[in-house]
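Visitor: I'd like to ask some things about the structure below.
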Amino acid sequence: MKKILFVLVALTAAAFGAEEAVVNETLKAYSMIAAGLGLGLAALGGAIGMGHTAAATIAGTARNPGLGAKLMTTMFIALAMIEAQVIYALVIALIALYANPYLG
């Protein structure tokens, strides 16, 4: 962790000492990396959450088949909310890539 922090501080110092064109290109590169990592983590978290939701619904239906329809409706609502979080991450990634307020 200390190494990562040291590299981050070193790169920040280099960015402040560079010309504006170099700073803009560096910021664009970091924005691409951040967007890719952020969207990847959001998709991973969403996939894990959807898997747990489906597993819980299947287990609940196996225990009580009479509640299958009600559990299925609740599962689809939960899946929509999970997917909404991933779409929010996509929007933030697109803002970081194409409408970055820090680029001058």
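Ligands are numbered from 1 in the order shown, chains are lettered A, B, ... in the order of the structure tokens, and residues start at 1 in each chain.
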Near Leu90 (chain A), counting only C-alpha atoms, which residues have an atom at most 9 Å away, once you skip same-chain residues fewer than 2 positions from it, shown as a PyMOL selection string?

Guide: chain A and resi 35+38-39+42+85-88+92-95

Visitor: Between CA of Gly68 (chain A) and CA of Gly51 (chain A), what is the distance, to one decimal in Å?

Guide: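 That distance, rounded to one decimal, is 17.3 Å.
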
Visitor: So that I can see what lies close to Tyr102 (chain A), please list as a count of residues only the residues with an atom at most 12 Å from it, counting only C-alpha atoms and leaving out residues fewer than 4 positions away in the same chain.

Guide: 13

Visitor: Excluding Gly60 (chain A) and residues on its chain fewer than 3 positions from it, collect all residues at most 12 Å away from it, counting only C-alpha atoms, and give them as a list in words.

Guide: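 What passes the distance filter is Thr53, Ala54, Ala55, Ala56, Thr57, Arg63, Asn64, Pro65, Gly66, Leu67, Gly68, Ala69, Lys70, Leu71, Met72, Thr74 and Met75 of chain A.
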
Visitor: Would you mind reading off the distance between CA of Lys3 (chain A) and CA of Leu103 (chain A), one decimal, in Å?

Guide: 27.5 Å

Visitor: With distances taken over only C-alpha atoms, which residue among A:Ala21, A:Ile77, A:Ile82, A:Ala34 lies nearest Ala47 (chain A)?

Guide: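 Nearest to Ala47 (chain A): A:Ile82.
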
Visitor: Would you mind reading off the distance between CA of Ala78 (chain A) and CA of Leu44 (chain A), one decimal, in Å?

Guide: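 Computing the Euclidean distance for CA of Ala78 (chain A) and CA of Leu44 (chain A) yields 16.3 Å.
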